>>> print(open('input23.cif').read())   # mmCIF, C-alpha atoms and all ligand atoms
data_final
#
loop_
_atom_site.label_atom_id
_atom_site.label_comp_id
_atom_site.auth_asym_id
_atom_site.auth_seq_id
_atom_site.Cartn_x
_atom_site.Cartn_y
_atom_site.Cartn_z
CA MET A 1 -32.41 25.57 44.59
CA ARG A 2 -29.03 27.21 44.60
CA THR A 3 -26.93 26.84 41.51
CA ILE A 4 -23.39 25.84 42.31
CA LEU A 5 -20.88 27.06 39.77
CA PRO A 6 -17.88 24.89 39.04
CA LEU A 7 -14.62 26.28 40.44
CA ALA A 8 -13.30 27.12 36.98
CA ALA A 9 -16.39 29.22 36.27
CA VAL A 10 -16.04 31.06 39.58
CA LEU A 11 -12.40 31.80 38.86
CA SER A 12 -13.23 33.05 35.39
CA LEU A 13 -15.84 35.44 36.87
CA LEU A 14 -13.19 36.78 39.22
CA ALA A 15 -10.61 37.21 36.45
CA PRO A 16 -9.68 40.81 35.64
CA ALA A 17 -11.15 42.10 32.42
CA VAL A 18 -8.50 42.43 29.71
CA PRO A 19 -9.40 44.07 26.42
CA GLY A 20 -9.94 41.40 23.79
CA ALA A 21 -9.40 38.66 26.35
CA GLN A 22 -12.55 36.61 25.95
CA THR A 23 -10.92 33.38 26.95
CA GLY A 24 -12.83 30.40 28.22
CA PRO A 25 -12.16 26.75 28.64
CA ALA A 26 -12.80 24.52 25.66
CA SER A 27 -15.60 22.03 25.99
CA GLY A 28 -14.67 18.51 26.97
CA PRO A 29 -12.46 17.10 29.65
CA ARG A 30 -9.13 18.25 28.28
CA PRO A 31 -8.10 21.27 26.23
CA PRO A 32 -6.79 20.55 22.74
CA ASN A 33 -3.20 19.86 21.87
CA ILE A 34 -1.79 22.61 19.70
CA VAL A 35 0.49 21.87 16.75
CA LEU A 36 1.68 25.08 15.09
CA ILE A 37 3.70 24.43 11.94
CA VAL A 38 5.41 27.45 10.40
CA ALA A 39 7.37 27.37 7.16
CA ASP A 40 10.02 30.02 6.50
CA ASP A 41 9.52 32.31 3.49
CA LEU A 42 6.80 30.11 1.95
CA GLY A 43 4.65 32.24 -0.35
CA TYR A 44 0.92 32.50 -0.90
CA GLY A 45 1.16 30.58 -4.18
CA ASP A 46 3.42 27.73 -3.14
CA LEU A 47 0.94 25.00 -2.18
CA GLY A 48 -1.32 22.92 -4.38
CA VAL A 49 -4.37 24.02 -2.44
CA TYR A 50 -3.39 27.65 -3.10
CA GLY A 51 -3.02 27.04 -6.81
CA HIS A 52 0.58 26.14 -7.54
CA PRO A 53 0.63 24.49 -10.98
CA THR A 54 3.56 22.09 -10.53
CA ILE A 55 4.36 21.65 -6.83
CA LYS A 56 2.36 18.80 -5.34
CA THR A 57 1.24 19.02 -1.70
CA PRO A 58 -1.32 16.24 -1.18
CA ARG A 59 -1.05 16.16 2.62
CA LEU A 60 -1.47 19.90 3.01
CA ASP A 61 -4.28 19.84 0.47
CA ARG A 62 -5.98 17.16 2.55
CA LEU A 63 -5.37 19.17 5.73
CA ALA A 64 -7.25 22.02 4.05
CA ALA A 65 -10.04 19.64 3.02
CA GLU A 66 -10.35 18.50 6.63
CA GLY A 67 -10.37 22.01 8.05
CA VAL A 68 -10.31 25.64 7.01
CA LYS A 69 -8.23 27.49 4.45
CA LEU A 70 -7.84 31.23 4.91
CA THR A 71 -7.30 33.48 1.90
CA SER A 72 -6.77 36.75 3.80
CA TYR A 73 -4.34 35.65 6.49
CA TYR A 74 -1.36 37.89 7.10
CA ALA A 75 1.84 36.96 8.87
CA ALA A 76 2.07 40.10 10.97
CA GLU A 77 5.34 41.26 9.41
CA PRO A 78 7.14 40.55 6.13
CA VAL A 79 10.37 39.26 7.71
CA CYS A 80 11.44 36.44 10.01
CA SER A 81 12.19 37.83 13.48
CA ALA A 82 9.53 40.52 13.45
CA SER A 83 6.89 38.06 12.21
CA ARG A 84 7.80 35.41 14.78
CA PHE A 85 7.73 37.96 17.57
CA SER A 86 4.19 38.90 16.62
CA LEU A 87 3.12 35.28 16.21
CA LEU A 88 4.34 34.33 19.68
CA THR A 89 3.25 37.46 21.57
CA GLY A 90 0.17 38.78 19.73
CA ARG A 91 1.85 42.20 19.50
CA TYR A 92 3.12 44.29 16.62
CA SER A 93 6.87 43.78 16.83
CA VAL A 94 7.54 47.48 16.42
CA ARG A 95 6.27 47.84 19.99
CA ALA A 96 9.30 45.82 21.11
CA GLY A 97 11.84 47.33 18.74
CA ILE A 98 12.15 44.19 16.60
CA THR A 99 11.64 45.26 13.01
CA GLY A 100 13.81 43.02 10.83
CA ALA A 101 15.82 39.82 10.97
CA LEU A 102 18.12 39.50 13.99
CA MET A 103 21.74 38.75 13.19
CA PRO A 104 23.97 36.25 15.06
CA GLY A 105 25.06 37.68 18.39
CA SER A 106 22.44 40.43 18.29
CA ARG A 107 22.00 42.36 21.51
CA THR A 108 18.35 42.69 20.60
CA GLY A 109 15.99 39.82 21.28
CA ILE A 110 12.71 38.98 22.91
CA ALA A 111 12.57 40.70 26.29
CA ALA A 112 11.84 38.99 29.59
CA ALA A 113 8.78 41.20 30.02
CA GLU A 114 7.07 39.71 26.97
CA THR A 115 4.62 36.85 27.42
CA THR A 116 4.81 34.20 24.72
CA LEU A 117 2.16 31.75 23.60
CA ALA A 118 4.33 29.04 25.15
CA GLU A 119 4.17 30.80 28.52
CA VAL A 120 0.41 31.23 28.25
CA LEU A 121 -0.05 27.53 27.50
CA LYS A 122 2.49 26.37 30.08
CA ALA A 123 0.53 28.28 32.71
CA ALA A 124 -2.57 26.42 31.51
CA GLY A 125 -0.88 23.06 32.16
CA TYR A 126 0.60 22.35 28.74
CA ARG A 127 3.89 20.73 27.88
CA THR A 128 5.58 23.03 25.41
CA GLY A 129 8.19 22.25 22.78
CA ILE A 130 9.79 24.07 19.89
CA VAL A 131 11.51 22.30 17.05
CA GLY A 132 13.24 24.38 14.40
CA LYS A 133 14.02 28.03 13.86
CA TRP A 134 13.67 30.42 16.79
CA HIS A 135 15.08 33.75 15.57
CA LEU A 136 14.11 35.87 18.55
CA GLY A 137 17.63 36.23 19.89
CA ASP A 138 20.62 33.89 20.36
CA ARG A 139 22.09 35.34 23.55
CA PRO A 140 21.29 34.36 27.15
CA GLY A 141 17.94 35.83 28.16
CA HIS A 142 16.52 35.51 24.66
CA LEU A 143 16.55 31.73 24.24
CA PRO A 144 13.43 29.61 23.69
CA THR A 145 13.73 27.65 26.93
CA GLU A 146 13.83 31.01 28.73
CA HIS A 147 10.52 32.01 27.14
CA GLY A 148 8.13 29.24 28.01
CA PHE A 149 9.35 26.25 26.04
CA ASP A 150 10.16 23.10 28.01
CA SER A 151 12.29 21.73 25.19
CA TYR A 152 14.14 22.98 22.15
CA PHE A 153 15.85 21.47 19.15
CA GLY A 154 16.82 23.64 16.21
CA LEU A 155 18.62 26.66 14.82
CA LEU A 156 18.58 29.91 16.76
CA TYR A 157 18.39 31.96 13.53
CA SER A 158 18.31 31.59 9.75
CA ASN A 159 20.18 28.85 7.91
CA ASP A 160 21.89 31.41 5.63
CA MET A 161 23.57 33.28 8.49
CA ILE A 162 27.05 32.06 7.62
CA PRO A 163 29.62 33.33 5.12
CA PRO A 164 29.39 34.14 2.23
CA TRP A 165 25.81 35.34 2.76
CA VAL A 166 26.24 36.98 6.14
CA GLN A 167 29.54 38.24 7.56
CA THR A 168 29.75 36.57 10.92
CA ASP A 169 32.32 34.69 12.96
CA VAL A 170 29.63 32.85 14.91
CA PRO A 171 29.30 29.28 13.64
CA LEU A 172 25.79 28.08 12.76
CA ARG A 173 24.88 25.30 15.17
CA LEU A 174 21.92 23.14 15.99
CA TYR A 175 20.92 23.43 19.64
CA ARG A 176 19.30 21.02 22.01
CA GLY A 177 18.00 23.06 24.90
CA LEU A 178 20.76 25.51 25.78
CA ARG A 179 23.52 23.31 24.38
CA PRO A 180 25.02 23.70 20.90
CA LEU A 181 25.61 20.44 19.07
CA ASP A 182 28.93 19.71 17.44
CA GLY A 183 29.39 19.78 13.72
CA GLU A 184 28.41 21.80 10.73
CA VAL A 185 24.73 22.12 9.91
CA ASP A 186 23.65 20.00 6.95
CA ASN A 187 20.82 21.92 5.28
CA SER A 188 19.69 18.88 3.34
CA ALA A 189 19.00 17.04 6.61
CA LEU A 190 17.15 19.79 8.51
CA THR A 191 13.56 19.00 7.55
CA GLY A 192 14.05 15.31 8.28
CA ARG A 193 15.71 15.96 11.64
CA TYR A 194 13.04 18.44 12.69
CA THR A 195 10.34 15.98 11.70
CA ALA A 196 11.88 13.17 13.75
CA GLU A 197 12.14 15.50 16.76
CA ALA A 198 8.53 16.61 16.33
CA LEU A 199 7.30 13.02 16.27
CA SER A 200 9.32 12.20 19.40
CA PHE A 201 7.85 15.22 21.16
CA ILE A 202 4.32 14.10 20.35
CA ARG A 203 5.02 10.55 21.52
CA ASP A 204 6.72 11.66 24.73
CA ASN A 205 4.22 14.27 25.89
CA GLN A 206 0.81 12.70 25.87
CA ALA A 207 0.19 12.74 29.62
CA ALA A 208 -0.78 16.42 29.45
CA PRO A 209 -2.03 18.61 26.63
CA PHE A 210 0.92 19.71 24.55
CA PHE A 211 1.97 22.63 22.40
CA LEU A 212 4.34 21.78 19.58
CA TYR A 213 5.76 24.72 17.64
CA LEU A 214 7.39 23.20 14.56
CA ALA A 215 9.21 26.09 12.90
CA HIS A 216 10.85 24.78 9.75
CA SER A 217 14.01 26.36 8.38
CA MET A 218 12.84 25.59 4.84
CA PRO A 219 12.12 26.96 2.28
CA HIS A 220 14.48 29.75 3.40
CA VAL A 221 17.61 29.66 1.26
CA PRO A 222 19.99 27.89 1.07
CA LEU A 223 17.55 25.13 0.13
CA GLY A 224 18.23 21.54 0.99
CA VAL A 225 16.67 18.10 0.71
CA PRO A 226 18.30 14.66 0.98
CA ALA A 227 19.83 13.33 -2.24
CA SER A 228 17.16 10.61 -2.30
CA ILE A 229 14.47 13.28 -2.69
CA ALA A 230 16.26 15.72 -4.99
CA GLY A 231 14.80 16.03 -8.46
CA ARG A 232 11.43 14.45 -7.67
CA SER A 233 9.29 17.55 -7.98
CA ALA A 234 8.20 19.04 -11.26
CA GLY A 235 8.70 22.33 -9.44
CA GLY A 236 12.47 21.90 -9.34
CA ARG A 237 14.66 22.33 -6.29
CA TYR A 238 12.17 24.68 -4.65
CA GLY A 239 9.41 22.19 -5.38
CA ASP A 240 11.46 19.40 -3.79
CA VAL A 241 11.73 21.43 -0.59
CA ILE A 242 8.01 22.25 -0.45
CA GLU A 243 7.06 18.67 -1.18
CA MET A 244 9.30 17.56 1.68
CA LEU A 245 7.51 19.99 4.00
CA ASP A 246 4.30 18.38 2.77
CA TRP A 247 5.72 14.97 3.65
CA SER A 248 6.79 16.26 7.06
CA THR A 249 3.30 17.59 7.78
CA GLY A 250 1.90 14.21 6.77
CA GLU A 251 4.25 12.49 9.23
CA VAL A 252 3.00 14.73 12.04
CA LEU A 253 -0.64 14.14 11.10
CA ASP A 254 -0.04 10.39 10.90
CA GLU A 255 1.56 10.41 14.33
CA LEU A 256 -1.45 12.23 15.77
CA ALA A 257 -3.73 9.64 14.18
CA ARG A 258 -1.63 6.73 15.49
CA SER A 259 -1.74 8.27 18.97
CA GLY A 260 -5.52 8.67 18.79
CA LEU A 261 -5.16 12.42 19.20
CA GLU A 262 -6.55 13.59 15.87
CA ARG A 263 -9.80 14.93 17.27
CA GLU A 264 -8.16 16.52 20.30
CA THR A 265 -5.60 18.51 18.38
CA LEU A 266 -5.74 21.88 16.69
CA VAL A 267 -3.23 21.78 13.83
CA ILE A 268 -2.19 25.00 12.10
CA PHE A 269 0.08 25.30 9.07
CA THR A 270 1.30 28.71 7.93
CA SER A 271 4.36 30.74 6.93
CA ASP A 272 6.31 33.56 8.58
CA ASN A 273 6.37 35.84 5.51
CA GLY A 274 6.16 35.86 1.74
CA PRO A 275 8.70 34.48 -0.73
CA TRP A 276 12.19 35.98 -0.86
CA MET A 277 12.07 37.04 -4.50
CA GLU A 278 14.19 40.16 -4.29
CA MET A 279 17.30 38.69 -2.75
CA PRO A 280 20.24 41.08 -2.40
CA ALA A 281 23.33 40.54 -4.58
CA ARG A 282 25.22 39.04 -1.63
CA MET A 283 22.93 36.00 -1.78
CA PHE A 284 24.41 35.12 -5.18
CA ALA A 285 27.99 35.36 -3.97
CA ASP A 286 28.54 31.80 -5.11
CA SER A 287 26.48 29.39 -7.18
CA ARG A 288 24.72 27.70 -4.26
CA ILE A 289 21.69 29.98 -4.51
CA VAL A 290 19.87 30.82 -7.73
CA PRO A 291 16.85 33.10 -8.26
CA THR A 292 14.45 30.17 -8.76
CA ASP A 293 15.20 29.03 -5.20
CA ALA A 294 12.49 31.51 -4.17
CA GLY A 295 8.78 30.76 -3.99
CA SER A 296 5.76 32.54 -5.39
CA ALA A 297 3.21 34.95 -3.99
CA GLY A 298 0.68 33.61 -6.51
CA PRO A 299 -1.66 36.37 -7.66
CA LEU A 300 -0.30 38.86 -5.14
CA ARG A 301 2.05 41.75 -5.77
CA GLY A 302 5.42 41.99 -4.07
CA SER A 303 7.32 39.60 -1.84
CA LYS A 304 9.16 39.21 1.46
CA ALA A 305 10.32 42.39 3.17
CA THR A 306 7.75 44.61 1.43
CA SER A 307 4.43 46.10 2.44
CA TRP A 308 2.79 44.78 -0.72
CA GLU A 309 0.34 41.93 -0.20
CA GLY A 310 2.95 39.33 -1.19
CA GLY A 311 5.09 40.34 1.79
CA THR A 312 2.72 39.16 4.48
CA ARG A 313 -0.32 37.44 2.97
CA VAL A 314 0.51 33.74 3.18
CA PRO A 315 -1.25 30.38 3.42
CA PHE A 316 -3.02 29.45 6.64
CA LEU A 317 -4.66 26.08 7.18
CA ALA A 318 -6.25 24.91 10.42
CA ARG A 319 -7.81 21.58 11.38
CA TRP A 320 -9.67 20.72 14.56
CA PRO A 321 -12.17 17.93 13.89
CA GLY A 322 -15.59 18.60 15.34
CA ARG A 323 -14.82 22.28 15.86
CA ILE A 324 -13.62 23.56 12.48
CA PRO A 325 -15.96 22.56 9.63
CA ALA A 326 -14.19 20.40 7.06
CA GLY A 327 -13.59 21.87 3.64
CA SER A 328 -14.26 25.48 4.58
CA VAL A 329 -12.63 28.51 2.99
CA SER A 330 -12.72 31.99 4.48
CA SER A 331 -11.59 35.36 3.19
CA GLU A 332 -12.14 36.99 6.58
CA LEU A 333 -9.25 39.12 7.82
CA VAL A 334 -6.96 37.21 10.19
CA THR A 335 -3.32 37.85 11.12
CA GLY A 336 -0.43 36.28 12.97
CA LEU A 337 -1.24 38.64 15.83
CA ASP A 338 -4.44 36.67 16.37
CA VAL A 339 -2.87 33.26 16.88
CA LEU A 340 -2.00 33.81 20.55
CA PRO A 341 -5.46 35.05 21.66
CA THR A 342 -7.20 32.41 19.54
CA VAL A 343 -5.12 29.50 20.77
CA ALA A 344 -5.25 30.81 24.33
CA ALA A 345 -9.04 30.88 24.14
CA ALA A 346 -9.19 27.36 22.71
CA ALA A 347 -6.89 26.16 25.49
CA GLY A 348 -8.64 27.99 28.32
CA GLY A 349 -5.44 29.95 28.89
CA ARG A 350 -5.17 33.41 30.35
CA LEU A 351 -3.95 36.27 28.17
CA PRO A 352 -1.04 38.38 29.34
CA ALA A 353 -2.44 41.23 31.43
CA ARG A 354 -1.12 44.07 29.34
CA ALA A 355 -3.05 46.54 27.25
CA ALA A 356 -1.01 46.35 24.06
CA ILE A 357 -2.10 42.95 22.81
CA ASP A 358 -2.92 43.64 19.17
CA GLY A 359 -4.41 40.22 18.43
CA VAL A 360 -8.03 39.16 18.69
CA ASP A 361 -9.70 35.79 19.20
CA VAL A 362 -10.73 34.59 15.72
CA ARG A 363 -12.27 31.25 16.68
CA ALA A 364 -15.53 32.43 15.12
CA VAL A 365 -13.79 32.61 11.73
CA LEU A 366 -12.07 29.25 12.04
CA GLU A 367 -15.28 27.59 13.22
CA GLY A 368 -17.39 29.24 10.51
CA LYS A 369 -19.61 30.95 13.07
CA GLY A 370 -19.19 34.58 12.20
CA PRO A 371 -17.17 37.41 10.75
CA SER A 372 -13.69 38.28 11.93
CA PRO A 373 -13.58 40.60 14.93
CA ARG A 374 -10.47 42.11 13.30
CA ASP A 375 -11.29 45.22 11.30
CA SER A 376 -7.82 46.44 10.33
CA PHE A 377 -4.21 45.44 9.81
CA VAL A 378 -1.13 47.67 9.64
CA TYR A 379 1.70 46.94 7.19
CA PHE A 380 5.43 47.44 7.67
CA SER A 381 8.43 46.70 5.49
CA SER A 382 11.48 44.88 6.78
CA GLY A 383 13.72 46.83 9.13
CA SER A 384 11.40 49.82 9.39
CA ALA A 385 9.46 51.08 12.39
CA ARG A 386 7.37 53.34 10.15
CA PRO A 387 3.93 52.00 9.22
CA GLU A 388 3.58 51.76 5.43
CA GLY A 389 -0.08 51.01 5.08
CA ILE A 390 -3.33 49.85 6.58
CA ARG A 391 -6.21 47.74 5.37
CA ASP A 392 -9.73 47.31 6.63
CA THR A 393 -12.12 44.58 5.55
CA ARG A 394 -11.89 45.74 1.95
CA TRP A 395 -9.60 48.70 1.29
CA LYS A 396 -5.85 49.21 1.61
CA LEU A 397 -4.10 52.54 1.89
CA ARG A 398 -0.41 52.15 1.06
CA LEU A 399 2.29 54.75 1.58
CA THR A 400 5.64 55.18 -0.10
CA PHE A 401 8.21 57.59 1.22
CA PRO A 402 10.24 59.56 -1.32
CA GLU A 403 13.64 60.94 -0.29
CA GLN A 404 12.07 64.34 0.06
CA GLY A 405 8.57 65.59 0.56
CA ALA A 406 5.36 64.07 1.81
CA PRO A 407 4.52 60.36 1.59
CA VAL A 408 2.78 59.24 -1.59
CA GLU A 409 -0.51 57.41 -1.03
CA ALA A 410 -2.27 54.79 -3.11
CA LEU A 411 -5.62 53.13 -2.42
CA TYR A 412 -6.46 49.58 -3.48
CA ASP A 413 -9.76 47.72 -3.41
CA LEU A 414 -8.52 44.34 -2.22
CA SER A 415 -11.85 42.67 -2.99
CA LEU A 416 -11.65 43.53 -6.68
CA ASP A 417 -7.91 43.94 -6.94
CA PRO A 418 -5.89 41.71 -4.57
CA ALA A 419 -2.92 42.16 -6.93
CA GLU A 420 -2.81 45.92 -6.16
CA ARG A 421 -2.77 46.93 -9.83
CA PHE A 422 -5.16 49.86 -9.76
CA ASP A 423 -4.79 52.89 -7.52
CA VAL A 424 -8.32 54.20 -6.94
CA LEU A 425 -7.48 56.93 -4.44
CA ARG A 426 -8.86 59.71 -6.61
CA ASP A 427 -12.22 57.93 -6.81
CA HIS A 428 -12.49 57.40 -3.05
CA PRO A 429 -10.89 60.26 -1.12
CA ASP A 430 -13.32 59.67 1.77
CA ILE A 431 -12.18 56.07 2.22
CA ALA A 432 -8.54 57.12 2.00
CA GLY A 433 -9.18 59.80 4.61
CA ARG A 434 -10.77 57.30 6.98
CA LEU A 435 -7.83 54.90 6.64
CA ARG A 436 -5.32 57.76 6.98
CA GLU A 437 -6.90 58.69 10.30
CA ARG A 438 -6.84 55.09 11.55
CA LEU A 439 -3.18 54.82 10.62
CA ARG A 440 -2.48 58.08 12.44
CA GLN A 441 -4.19 56.68 15.54
CA PHE A 442 -2.15 53.51 15.31
CA ALA A 443 1.10 55.47 14.99
CA ALA A 444 0.09 57.52 18.02
CA SER A 445 -0.48 54.29 19.99
CA LEU A 446 3.16 53.32 19.42
CA SER A 447 4.44 56.29 21.37
CA ARG A 448 2.20 55.65 24.35
MG MG B 501 11.00 34.13 6.89
#
>>> encode(input="input23.cif", output="structure tokens", more="lines below")
Ligand code: MG
Amino acid sequence: MRTILPLAAVLSLLAPAVPGAQTGPASGPRPPNIVLIVADDLGYGDLGVYGHPTIKTPRLDRLAAEGVKLTSYYAAEPVCSASRFSLLTGRYSVRAGITGALMPGSRTGIAAAETTLAEVLKAAGYRTGIVGKWHLGDRPGHLPTEHGFDSYFGLLYSNDMIPPWVQTDVPLRLYRGLRPLDGEVDNSALTGRYTAEALSFIRDNQAAPFFLYLAHSMPHVPLGVPASIAGRSAGGRYGDVIEMLDWSTGEVLDELARSGLERETLVIFTSDNGPWMEMPARMFADSRIVPTDAGSAGPLRGSKATSWEGGTRVPFLARWPGRIPAGSVSSELVTGLDVLPTVAAAAGGRLPARAAIDGVDVRAVLEGKGPSPRDSFVYFSSGSARPEGIRDTRWKLRLTFPEQGAPVEALYDLSLDPAERFDVLRDHPDIAGRLRERLRQFAASLSR
């Protein structure tokens, strides 16, 4: 008897082979909804489930208990625009010349030639919406609805990009689609407004699978919560903001439950980079921002903008009932680069047909079925196109660049020493040599 393959299987056999593009349709009649929640500058140590002693995050803790918590997840870059570029394209942002945080009116932004996760999912039949911070360009050609999103509500860049913190004449505005809304932005209302928009998007888009990218502006300074919330957290103003993000996540999860979509939805919660602990003097130009408005990298060294672990290693929680085992914890290496290929695979979407996708499909990690296919990660600092380090499954080679002379190397055993306290390069020159060569190969790939 002849076996007749379903049309989708035939098409997948005919698909061109793309490196790392092992996509396939998810089981079941409909691919999962995707809810990707990204906090801004939230550090590794800021959630209850990651050990914060005073900030309470019961909904996020429960999300972890119902899914997987990663302890070696890296936002691909230690700063907003670069990190978001990598998250949405699966590519190191240096490949596209985006290395820092884009300023208002920047001529740089995400190029038309890039393929975003939203475009991948839209092509697979998804409704796509972004609520919150975009930060991949605020000029025509760079806007979210020009890069795969059906709808947009939010800020085009950071909430501090107004005087006195940033010298700009461009007023900060909320946008709906391509239209700026009137009136000054009230920071204290942002999380609530984003949450309401996210719930509306879920309610209004249930006829097809949907992709909701909820990119909070908080806890990026200047912090804000409604007066009714202020002072509730034992963790102070920063704690209030994190606890409101916890509330917001709970609202989204409750809406999914009310809509009967809990089991058909992959929910991810993460951050774009580590806490902004080393704020420049300009951030304290008036009394609205104080040093304790920053979060914590927990046991990790360093913070936002740096190539220390605290710059990019951040929380990552994922829930997909029936697919991701509840209550699992993994220290396998996963990065923001991997979100696009992983989600595309879960959705049965097709990866962009270009060679320089740096991400890999890590469903095996999330589902507890195997080790991470990722065997290295390259570190940058903010605003720099020069790689500053590389890690493999255990070791990290980190470079610093003095004003003159050759770079200075240090080697850390991240299994024993995630805080990067002990340079063991002299004990392991062979390991350092291997990582040096891999970094050289990576750098060479940038010029191809
Ligand atoms: Mg950020």
>>> residues_near_ligand(input="input23.cif", ligand="ligand MG 501 (chain B)", cutoff="7 Å", atoms="all atoms listed in the file", output="list in words")
Asp40, Asp41, Val79, Cys80, His220, Asp272 and Asn273 of chain A
>>> atom_distance(input="input23.cif", atom1="CA of Trp276 (chain A)", atom2="CA of Leu190 (chain A)")
19.4 Å
>>> closest_atom_pairs(input="input23.cif", of="region 345-410 of chain A", to="region 55-68 of chain A", cutoff="10 Å", atoms="all atoms listed in the file", output="CSV")
residue,atom,partner,partner_atom,distance
A:Val365,CA,A:Val68,CA,9.1
A:Leu366,CA,A:Val68,CA,6.4
A:Glu367,CA,A:Val68,CA,8.2
A:Gly368,CA,A:Val68,CA,8.7
>>> closest_residue(input="input23.cif", among="A:Gly43, A:Gly327, A:Pro373, A:Gly298", to="Pro219 (chain A)", atoms="all atoms listed in the file")
A:Gly43
>>> atom_distance(input="input23.cif", atom1="CA of Ala113 (chain A)", atom2="CA of Thr312 (chain A)")
26.3 Å
>>> closest_atom_pairs(input="input23.cif", of="region 229-333 of chain A", to="region 200-213 of chain A", cutoff="8 Å", atoms="all atoms listed in the file", output="tab-separated table")
residue	atom	partner	partner_atom	distance
A:Glu255	CA	A:Ile202	CA	7.6
A:Leu256	CA	A:Ile202	CA	7.6
A:Ser259	CA	A:Arg203	CA	7.6
>>> closest_residue(input="input23.cif", among="A:Thr270, A:Ala419, A:Arg319, A:Ala112", to="Gly302 (chain A)", atoms="all atoms listed in the file")
A:Ala419
>>> closest_atom_pairs(input="input23.cif", of="region 223-340 of chain A", to="region 91-97 of chain A", cutoff="10 Å", atoms="only C-alpha atoms", output="CSV")
residue,atom,partner,partner_atom,distance
A:Gly336,CA,A:Arg91,CA,9.1
A:Leu337,CA,A:Arg91,CA,6.0
A:Asp338,CA,A:Arg91,CA,8.9
A:Leu340,CA,A:Arg91,CA,9.3
>>> closest_residue(input="input23.cif", among="A:Gly224, A:Gly100, A:Gly129, A:Pro341", to="Ile357 (chain A)", atoms="only C-alpha atoms")
A:Pro341
>>> residues_near_point(input="input23.cif", point="(-10.4, 35.0, 20.7)", cutoff="6 Å", atoms="only C-alpha atoms", output="list in words")
Gln22, Pro341, Thr342, Ala345, Val360, Asp361, Val362 and Arg363 of chain A
>>> atom_distance(input="input23.cif", atom1="CA of Glu420 (chain A)", atom2="CA of Ser307 (chain A)")
11.2 Å
>>> closest_residue(input="input23.cif", among="A:Glu309, A:Glu264, A:Glu114, A:Asp427", to="Asn33 (chain A)", atoms="all atoms listed in the file")
A:Glu264
